[in-house]
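Heads up, work04.cif below (mmCIF, C-alpha atoms):
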data_model
#
loop_
_atom_site.label_atom_id
_atom_site.label_comp_id
_atom_site.auth_asym_id
_atom_site.auth_seq_id
_atom_site.Cartn_x
_atom_site.Cartn_y
_atom_site.Cartn_z
CA MET Y 2 14.98 -15.20 5.11
CA SER Y 3 14.69 -18.54 6.94
CA LEU Y 4 12.00 -21.11 6.31
CA TRP Y 5 10.87 -20.72 9.92
CA SER Y 6 10.39 -16.96 9.48
CA ASP Y 7 8.40 -17.56 6.30
CA LEU Y 8 6.21 -20.12 8.04
CA LYS Y 9 5.57 -17.73 10.91
CA VAL Y 10 4.40 -15.03 8.51
CA ILE Y 11 2.27 -17.48 6.54
CA TYR Y 12 0.64 -18.70 9.75
CA HIS Y 13 -0.43 -15.15 10.63
CA MET Y 14 -1.59 -14.52 7.08
CA VAL Y 15 -3.54 -17.75 6.55
CA LEU Y 16 -4.37 -19.47 9.84
CA LYS Y 17 -4.32 -17.08 12.79
CA PRO Y 18 -7.76 -15.62 13.59
CA ILE Y 19 -8.02 -11.85 13.27
CA ARG Y 20 -9.81 -10.23 16.19
CA GLY Y 21 -10.77 -6.72 17.19
CA LYS Y 22 -13.73 -4.41 17.72
CA ASP Y 23 -12.55 -1.83 15.18
CA HIS Y 24 -10.24 -1.52 12.19
CA ALA Y 25 -7.20 -0.46 14.24
CA GLN Y 26 -7.52 -3.44 16.60
CA ARG Y 27 -7.95 -5.85 13.70
CA LEU Y 28 -4.84 -4.47 11.98
CA GLU Y 29 -2.81 -4.85 15.16
CA SER Y 30 -4.15 -8.39 15.66
CA PHE Y 31 -3.00 -9.25 12.13
CA TYR Y 32 0.44 -7.62 12.22
CA MET Y 33 1.57 -7.92 15.84
CA GLY Y 34 2.98 -11.44 15.56
CA GLN Y 35 4.67 -10.94 12.18
CA ALA Y 36 6.00 -7.38 12.32
CA GLU Y 37 9.58 -8.54 12.93
CA HIS Y 38 9.61 -10.54 9.68
CA TYR Y 39 7.21 -8.32 7.74
CA ASP Y 40 9.72 -6.64 5.42
CA SER Y 41 11.60 -9.75 4.32
CA PHE Y 42 8.44 -11.56 3.26
CA ARG Y 43 6.69 -8.56 1.73
CA ARG Y 44 9.76 -7.66 -0.32
CA ARG Y 45 8.99 -10.74 -2.44
CA LEU Y 46 5.23 -10.25 -2.39
CA LEU Y 47 4.60 -6.53 -2.78
CA ARG Y 48 6.06 -5.77 -6.18
CA GLY Y 49 6.01 -2.39 -7.89
CA ARG Y 50 6.80 -0.24 -4.86
CA GLU Y 51 10.28 0.70 -6.03
CA ASP Y 52 8.88 1.38 -9.51
CA LEU Y 53 6.32 3.76 -8.03
CA TRP Y 54 8.99 5.62 -6.08
CA ARG Y 55 11.14 5.84 -9.22
CA VAL Y 56 8.28 7.45 -11.17
CA LEU Y 57 7.54 9.94 -8.37
CA GLY Y 58 11.17 10.86 -7.71
CA ALA Y 59 12.11 13.07 -4.76
CA PRO Y 60 10.88 16.62 -5.49
CA GLU Y 61 13.11 19.25 -3.91
CA GLY Y 62 11.57 20.62 -0.71
CA ALA Y 63 8.45 18.47 -1.02
CA ILE Y 64 6.01 17.55 1.76
CA TRP Y 65 5.26 13.83 1.35
CA VAL Y 66 2.62 11.72 3.14
CA ASP Y 67 2.90 7.92 2.96
CA MET Y 68 -0.52 6.60 4.01
CA GLY Y 69 -0.36 3.10 5.45
CA GLY Y 70 3.43 3.33 5.41
CA GLY Y 71 3.85 0.46 7.88
CA THR Y 72 7.50 -0.24 8.72
CA GLY Y 73 8.85 2.62 6.62
CA ALA Y 74 10.65 0.25 4.24
CA ASN Y 75 9.38 2.29 1.27
CA LEU Y 76 11.44 5.27 2.39
CA GLU Y 77 14.63 3.35 1.67
CA PHE Y 78 13.76 3.58 -2.03
CA PHE Y 79 14.67 7.28 -1.85
CA GLY Y 80 18.27 6.50 -1.01
CA ASP Y 81 20.21 9.68 -0.27
CA ASP Y 82 17.56 11.71 -2.13
CA ILE Y 83 15.34 11.57 0.96
CA GLU Y 84 17.36 14.57 2.18
CA LYS Y 85 15.82 16.63 -0.63
CA LEU Y 86 12.38 16.35 0.96
CA GLN Y 87 11.32 18.93 3.51
CA LYS Y 88 9.10 16.58 5.51
CA VAL Y 89 7.86 12.99 5.24
CA TYR Y 90 4.86 11.82 7.29
CA LEU Y 91 4.69 8.04 7.66
CA VAL Y 92 1.11 7.25 8.70
CA ASP Y 93 -0.26 3.90 9.88
CA LEU Y 94 -2.72 2.41 12.39
CA SER Y 95 -0.58 -0.56 13.44
CA ALA Y 96 1.56 0.19 16.48
CA SER Y 97 3.66 -2.94 15.89
CA LEU Y 98 4.62 -1.88 12.37
CA LEU Y 99 5.27 1.70 13.47
CA LYS Y 100 7.64 0.45 16.15
CA VAL Y 101 9.75 -1.09 13.38
CA ALA Y 102 9.45 2.17 11.42
CA GLU Y 103 10.70 4.24 14.34
CA GLU Y 104 13.75 2.01 14.67
CA ARG Y 105 14.40 2.36 10.93
CA VAL Y 106 14.19 6.15 11.17
CA ARG Y 107 16.69 6.18 14.06
CA LYS Y 108 19.02 3.80 12.23
CA HIS Y 109 19.14 5.99 9.12
CA GLY Y 110 19.12 9.29 10.98
CA TRP Y 111 16.20 10.65 8.98
CA ASN Y 112 15.55 13.94 10.74
CA ASN Y 113 12.82 14.94 8.28
CA VAL Y 114 10.63 11.84 8.84
CA VAL Y 115 7.71 11.87 11.29
CA VAL Y 116 6.07 8.57 12.29
CA VAL Y 117 2.36 8.98 13.05
CA GLU Y 118 -0.24 6.52 14.34
CA ALA Y 119 -3.39 7.75 12.62
CA ASP Y 120 -6.28 6.95 10.27
CA ALA Y 121 -5.52 7.55 6.58
CA THR Y 122 -9.01 8.98 6.07
CA LYS Y 123 -8.56 11.61 8.79
CA PHE Y 124 -4.87 12.43 9.25
CA VAL Y 125 -4.01 16.10 8.74
CA PRO Y 126 -0.30 17.04 8.70
CA ASP Y 127 1.12 20.20 10.24
CA TRP Y 128 2.35 21.26 6.80
CA GLN Y 129 -0.41 21.92 4.26
CA PRO Y 130 -1.01 21.58 1.43
CA VAL Y 131 1.26 18.64 0.63
CA ASP Y 132 3.06 17.75 -2.60
CA VAL Y 133 2.80 13.95 -2.68
CA VAL Y 134 0.50 11.35 -1.09
CA THR Y 135 1.26 7.66 -1.53
CA PHE Y 136 -0.64 4.44 -0.82
CA SER Y 137 1.59 1.37 -1.07
CA TYR Y 138 -0.55 -1.77 -0.71
CA SER Y 139 -2.69 0.04 1.82
CA LEU Y 140 -5.85 1.01 -0.10
CA THR Y 141 -6.98 -2.62 -0.13
CA MET Y 142 -6.74 -2.61 3.69
CA ILE Y 143 -8.63 0.64 4.27
CA PRO Y 144 -12.35 -0.10 4.73
CA ASP Y 145 -13.49 3.28 3.38
CA TRP Y 146 -10.93 3.57 0.61
CA PHE Y 147 -13.14 6.07 -1.24
CA ALA Y 148 -12.73 8.42 1.72
CA ALA Y 149 -8.97 7.79 1.78
CA ILE Y 150 -8.60 8.85 -1.86
CA ASP Y 151 -10.89 11.85 -1.41
CA HIS Y 152 -8.95 12.90 1.69
CA ALA Y 153 -5.64 12.61 -0.16
CA GLU Y 154 -7.01 14.83 -2.91
CA LYS Y 155 -7.96 17.47 -0.33
CA LEU Y 156 -4.50 17.39 1.25
CA LEU Y 157 -2.68 17.88 -2.05
CA ARG Y 158 -1.83 21.22 -3.58
CA PRO Y 159 -3.05 21.80 -7.15
CA GLY Y 160 -0.63 19.89 -9.36
CA GLY Y 161 0.38 17.65 -6.44
CA LEU Y 162 0.78 13.93 -7.06
CA VAL Y 163 -0.93 10.85 -5.70
CA GLY Y 164 0.87 7.52 -6.11
CA VAL Y 165 -0.73 4.12 -5.60
CA VAL Y 166 0.51 0.55 -5.98
CA ASP Y 167 -1.78 -2.28 -4.90
CA PHE Y 168 -3.45 -5.55 -5.75
CA TYR Y 169 -6.70 -5.36 -7.70
CA VAL Y 170 -8.99 -7.10 -10.15
CA ALA Y 171 -10.39 -5.54 -13.28
CA ARG Y 172 -14.05 -4.89 -13.90
CA LYS Y 173 -15.85 -7.55 -15.92
CA TYR Y 174 -15.99 -5.16 -18.86
CA PRO Y 175 -13.12 -2.65 -18.47
CA PRO Y 176 -12.79 0.34 -20.81
CA ALA Y 177 -10.81 -0.02 -24.02
CA GLY Y 178 -7.07 -0.02 -23.40
CA PHE Y 179 -7.35 -1.55 -19.92
CA THR Y 180 -6.54 -5.15 -18.99
CA ARG Y 181 -9.41 -7.62 -18.88
CA HIS Y 182 -9.10 -10.44 -16.33
CA SER Y 183 -10.63 -13.89 -16.57
CA TRP Y 184 -13.54 -14.81 -14.33
CA VAL Y 185 -11.19 -17.10 -12.37
CA THR Y 186 -8.90 -14.16 -11.56
CA ARG Y 187 -11.83 -11.90 -10.68
CA TRP Y 188 -13.27 -14.54 -8.33
CA PHE Y 189 -10.27 -16.32 -6.84
CA TRP Y 190 -7.93 -13.52 -5.74
CA PRO Y 191 -10.57 -11.44 -3.89
CA PHE Y 192 -11.62 -14.64 -2.10
CA TRP Y 193 -7.99 -15.52 -1.28
CA PHE Y 194 -7.07 -12.11 0.19
CA ALA Y 195 -10.35 -11.38 1.99
CA ARG Y 196 -9.34 -13.81 4.76
CA ASP Y 197 -6.72 -11.23 5.81
CA ASN Y 198 -9.13 -8.30 5.44
CA VAL Y 199 -7.41 -7.32 2.20
CA PHE Y 200 -10.17 -6.45 -0.25
CA LEU Y 201 -9.25 -6.41 -3.92
CA SER Y 202 -11.54 -4.07 -5.82
CA PRO Y 203 -12.46 -3.58 -9.48
CA ASP Y 204 -13.18 0.08 -8.68
CA HIS Y 205 -9.76 1.35 -7.49
CA VAL Y 206 -8.41 2.00 -10.96
CA PRO Y 207 -11.55 3.67 -12.41
CA TYR Y 208 -11.97 5.89 -9.35
CA LEU Y 209 -8.35 7.04 -9.36
CA HIS Y 210 -8.66 7.92 -13.05
CA ARG Y 211 -11.85 9.84 -12.30
CA ARG Y 212 -10.34 11.89 -9.45
CA PHE Y 213 -6.91 12.65 -10.92
CA ASP Y 214 -5.25 13.35 -14.25
CA ARG Y 215 -3.18 10.31 -15.14
CA VAL Y 216 0.59 10.75 -15.21
CA PHE Y 217 1.58 7.07 -15.19
CA PHE Y 218 -0.35 3.81 -15.15
CA ALA Y 219 0.72 0.17 -15.44
CA GLU Y 220 -1.11 -3.12 -14.94
CA CYS Y 221 1.09 -6.06 -13.89
CA ARG Y 222 1.11 -9.47 -12.19
CA THR Y 223 3.35 -11.08 -9.57
CA LYS Y 224 3.88 -14.43 -7.85
CA ILE Y 225 3.00 -15.04 -4.21
CA PRO Y 226 5.77 -16.72 -2.17
CA TRP Y 227 5.12 -20.43 -1.61
CA VAL Y 228 2.00 -20.40 -3.79
CA PRO Y 229 2.84 -22.50 -6.86
CA PHE Y 230 -0.14 -21.46 -8.97
CA GLY Y 231 -1.28 -18.24 -10.59
CA ARG Y 232 -0.11 -14.66 -10.49
CA VAL Y 233 -2.00 -11.95 -8.64
CA PRO Y 234 -2.69 -8.69 -10.54
CA TYR Y 235 -1.40 -5.35 -9.24
CA TYR Y 236 -1.33 -1.83 -10.65
CA ILE Y 237 0.79 1.29 -10.37
CA PHE Y 238 -0.92 4.66 -10.69
CA VAL Y 239 0.44 8.20 -10.49
CA GLY Y 240 -2.07 11.01 -10.87
CA GLU Y 241 -1.99 14.79 -10.66
CA LYS Y 242 -4.49 16.88 -8.75
CA ARG Y 243 -6.47 19.11 -11.07
CA ALA Y 244 -6.05 22.85 -10.65
#
Whole structure given in structure tokens:
Amino acid sequence: MSLWSDLKVIYHMVLKPIRGKDHAQRLESFYMGQAEHYDSFRRRLLRGREDLWRVLGAPEGAIWVDMGGGTGANLEFFGDDIEKLQKVYLVDLSASLLKVAEERVRKHGWNNVVVVEADATKFVPDWQPVDVVTFSYSLTMIPDWFAAIDHAEKLLRPGGLVGVVDFYVARKYPPAGFTRHSWVTRWFWPFWFARDNVFLSPDHVPYLHRRFDRVFFAECRTKIPWVPFGRVPYYIFVGEKRA
């Protein structure tokens, strides 16, 4: 990726004002000018996505919903195994990102992938119930993320899986066995990301554990491109819907 492309993305992330009367308009305002270079930059920023897909696998004949799927880059983690899935719904509110996703679907010839412009808290697929629902760095951008998780739980069949990878900060006093972050981490990173309407929450991890039976969970950190200090925390969670 060229320096110019990086600078263009950074400008939209840090300097360009975000405008819009509702969430969909604000998302489009944020992504419209950087959609072309979105994947190259995010590949270095959004760690853990491939790990999540590896844990989930590609269940034979599964119905999969990727909420906030953006450009569809996550689907490339399936490789040839994507053909095992019966249907994949790629859901997002940003028309600019979905335009890139549609081109990716055509390029790969994925006949079982449907690109949908819709709200993650309201989208209902033609095929129900579904087997897997994923949120890849999208929960922090969904204003009512509680509703998004609850809605995913309703869409899943009993025993179905939810998979989430996202930035976060820990609670001040997390339960035993969970990572505890310093006050600097808990203050700085939410402040840093809020400018882009990305809201890091100490409640994602506890709520996911409350709603689903844990299958896999990891707490990690990653660097941010061109930011020479600190590492932002992220987590990977896979949970099973209770019968």
message: Quick check, in Å to one decimal: how far apart do atom CA of His109 of chain Y and atom CA of Tyr90 of chain Y lie?
response: 15.5 Å
field: Minimum-distance residue to His182 of chain Y, chosen among Y:Arg196, Y:Arg232, Y:Arg243, Y:Lys100 (using only C-alpha atoms)
entry: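 For His182 of chain Y, the nearest of the candidates is Y:Arg232.
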Skipping near chain neighbours, those fewer than 4 positions away, what residues fall within 6 Å of segment 126-140 of chain Y using all atoms listed in the file, listed as a PDB file with C-alpha atoms, in the frame of the given file?
ATOM      1  CA  ALA Y  63       8.450  18.470  -1.020  1.00  0.00           C
ATOM      2  CA  ILE Y  64       6.010  17.550   1.760  1.00  0.00           C
ATOM      3  CA  TRP Y  65       5.260  13.830   1.350  1.00  0.00           C
ATOM      4  CA  VAL Y  66       2.620  11.720   3.140  1.00  0.00           C
ATOM      5  CA  ASP Y  67       2.900   7.920   2.960  1.00  0.00           C
ATOM      6  CA  MET Y  68      -0.520   6.600   4.010  1.00  0.00           C
ATOM      7  CA  GLY Y  69      -0.360   3.100   5.450  1.00  0.00           C
ATOM      8  CA  TRP Y 146     -10.930   3.570   0.610  1.00  0.00           C
ATOM      9  CA  LEU Y 156      -4.500  17.390   1.250  1.00  0.00           C
ATOM     10  CA  LEU Y 157      -2.680  17.880  -2.050  1.00  0.00           C
ATOM     11  CA  ARG Y 158      -1.830  21.220  -3.580  1.00  0.00           C
ATOM     12  CA  GLY Y 161       0.380  17.650  -6.440  1.00  0.00           C
ATOM     13  CA  LEU Y 162       0.780  13.930  -7.060  1.00  0.00           C
ATOM     14  CA  VAL Y 163      -0.930  10.850  -5.700  1.00  0.00           C
ATOM     15  CA  GLY Y 164       0.870   7.520  -6.110  1.00  0.00           C
ATOM     16  CA  VAL Y 165      -0.730   4.120  -5.600  1.00  0.00           C
ATOM     17  CA  VAL Y 166       0.510   0.550  -5.980  1.00  0.00           C
ATOM     18  CA  ASP Y 167      -1.780  -2.280  -4.900  1.00  0.00           C
TER      19      ASP Y 167
END
query: At what distance in Å, to one decimal, does atom CA of Val101 of chain Y lie from atom CA of Ile143 of chain Y?
result: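 A separation of 20.6 Å between them.
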task: Quote the spacing between atom CA of Glu154 of chain Y and atom CA of Phe194 of chain Y in Å to one decimal place.
output: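 Separation between atom CA of Glu154 of chain Y and atom CA of Phe194 of chain Y: 27.1 Å.
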Result set, the PyMOL selection byres ((chain Y and resi 184) around 10) on current file, as an MDAnalysis selection string: chainID Y and resid 170:173 181:183 185:189
- prompt: Near Leu99 of chain Y, counting only C-alpha atoms, which residues have an atom at most 9 Å away, once you skip same-chain residues fewer than 5 positions from it, shown as a ChimeraX atom specification?
  reply: /Y:70-73,91-94,104,116-118
task: Pull out every residue that the PyMOL selection byres ((chain Y and resi 223) around 8) matches in the shown coordinates and put them as a list in words.
output: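 Output from the PyMOL selection byres ((chain Y and resi 223) around 8), applied to this file: Leu46, Arg48, Cys221, Arg222, Lys224, Ile225, Arg232, Val233, Pro234 and Tyr235 of chain Y.
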field: All residues 8 Å or closer to segment 199-201 of chain Y, all atoms listed in the file, same chain fewer than 6 positions away omitted, as an MDAnalysis selection string
entry: chainID Y and resid 141:142 168:170 190:191
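Distances to Gly58 of chain Y were evaluated for Y:Ala121, Y:Val115, Y:Ile83, Y:Ala74 using all atoms listed in the file, and the minimum falls at Y:Ile83.
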message: Which residues are near Arg212 of chain Y? Cut-off 10 Å, all atoms listed in the file, ignore same chain within fewer than 6 positions. Put them as a VMD selection string.
response: chain Y and resid 150 to 151 154 240 to 243
As JSON, what would the box around segment 154-158 of chain Y look like: edges along x, y and z, 5 Å added on every side, centre and edge lengths in Å to one decimal?
{"center_x": -4.9, "center_y": 18.0, "center_z": -1.2, "size_x": 16.1, "size_y": 16.4, "size_z": 14.8}
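Proximity ranking of Y:Arg50, Y:Lys123, Y:Arg105, Y:His152 relative to Phe78 of chain Y places Y:Arg50 first, based on all atoms listed in the file.
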field: Residue among Y:Leu76, Y:Asp120, Y:Val56, Y:Trp193 lying closest to Gly231 of chain Y, counting all atoms listed in the file
entry: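 Checking each candidate against Gly231 of chain Y, we get Y:Trp193 as the closest.
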field: Residue nearest Glu51 of chain Y among Y:Ala149, Y:Ala102, Y:Val89, Y:Ile237 (counting only C-alpha atoms)
entry: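 Closest to Glu51 of chain Y of all the choices is Y:Ile237.
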- request: Considering only C-alpha atoms, state which residue in the set Y:Glu103, Y:Ala177, Y:Trp111, Y:Thr122 is at the smallest distance from Asp81 of chain Y.
  value: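 Selected residue with least distance to Asp81 of chain Y: Y:Trp111.
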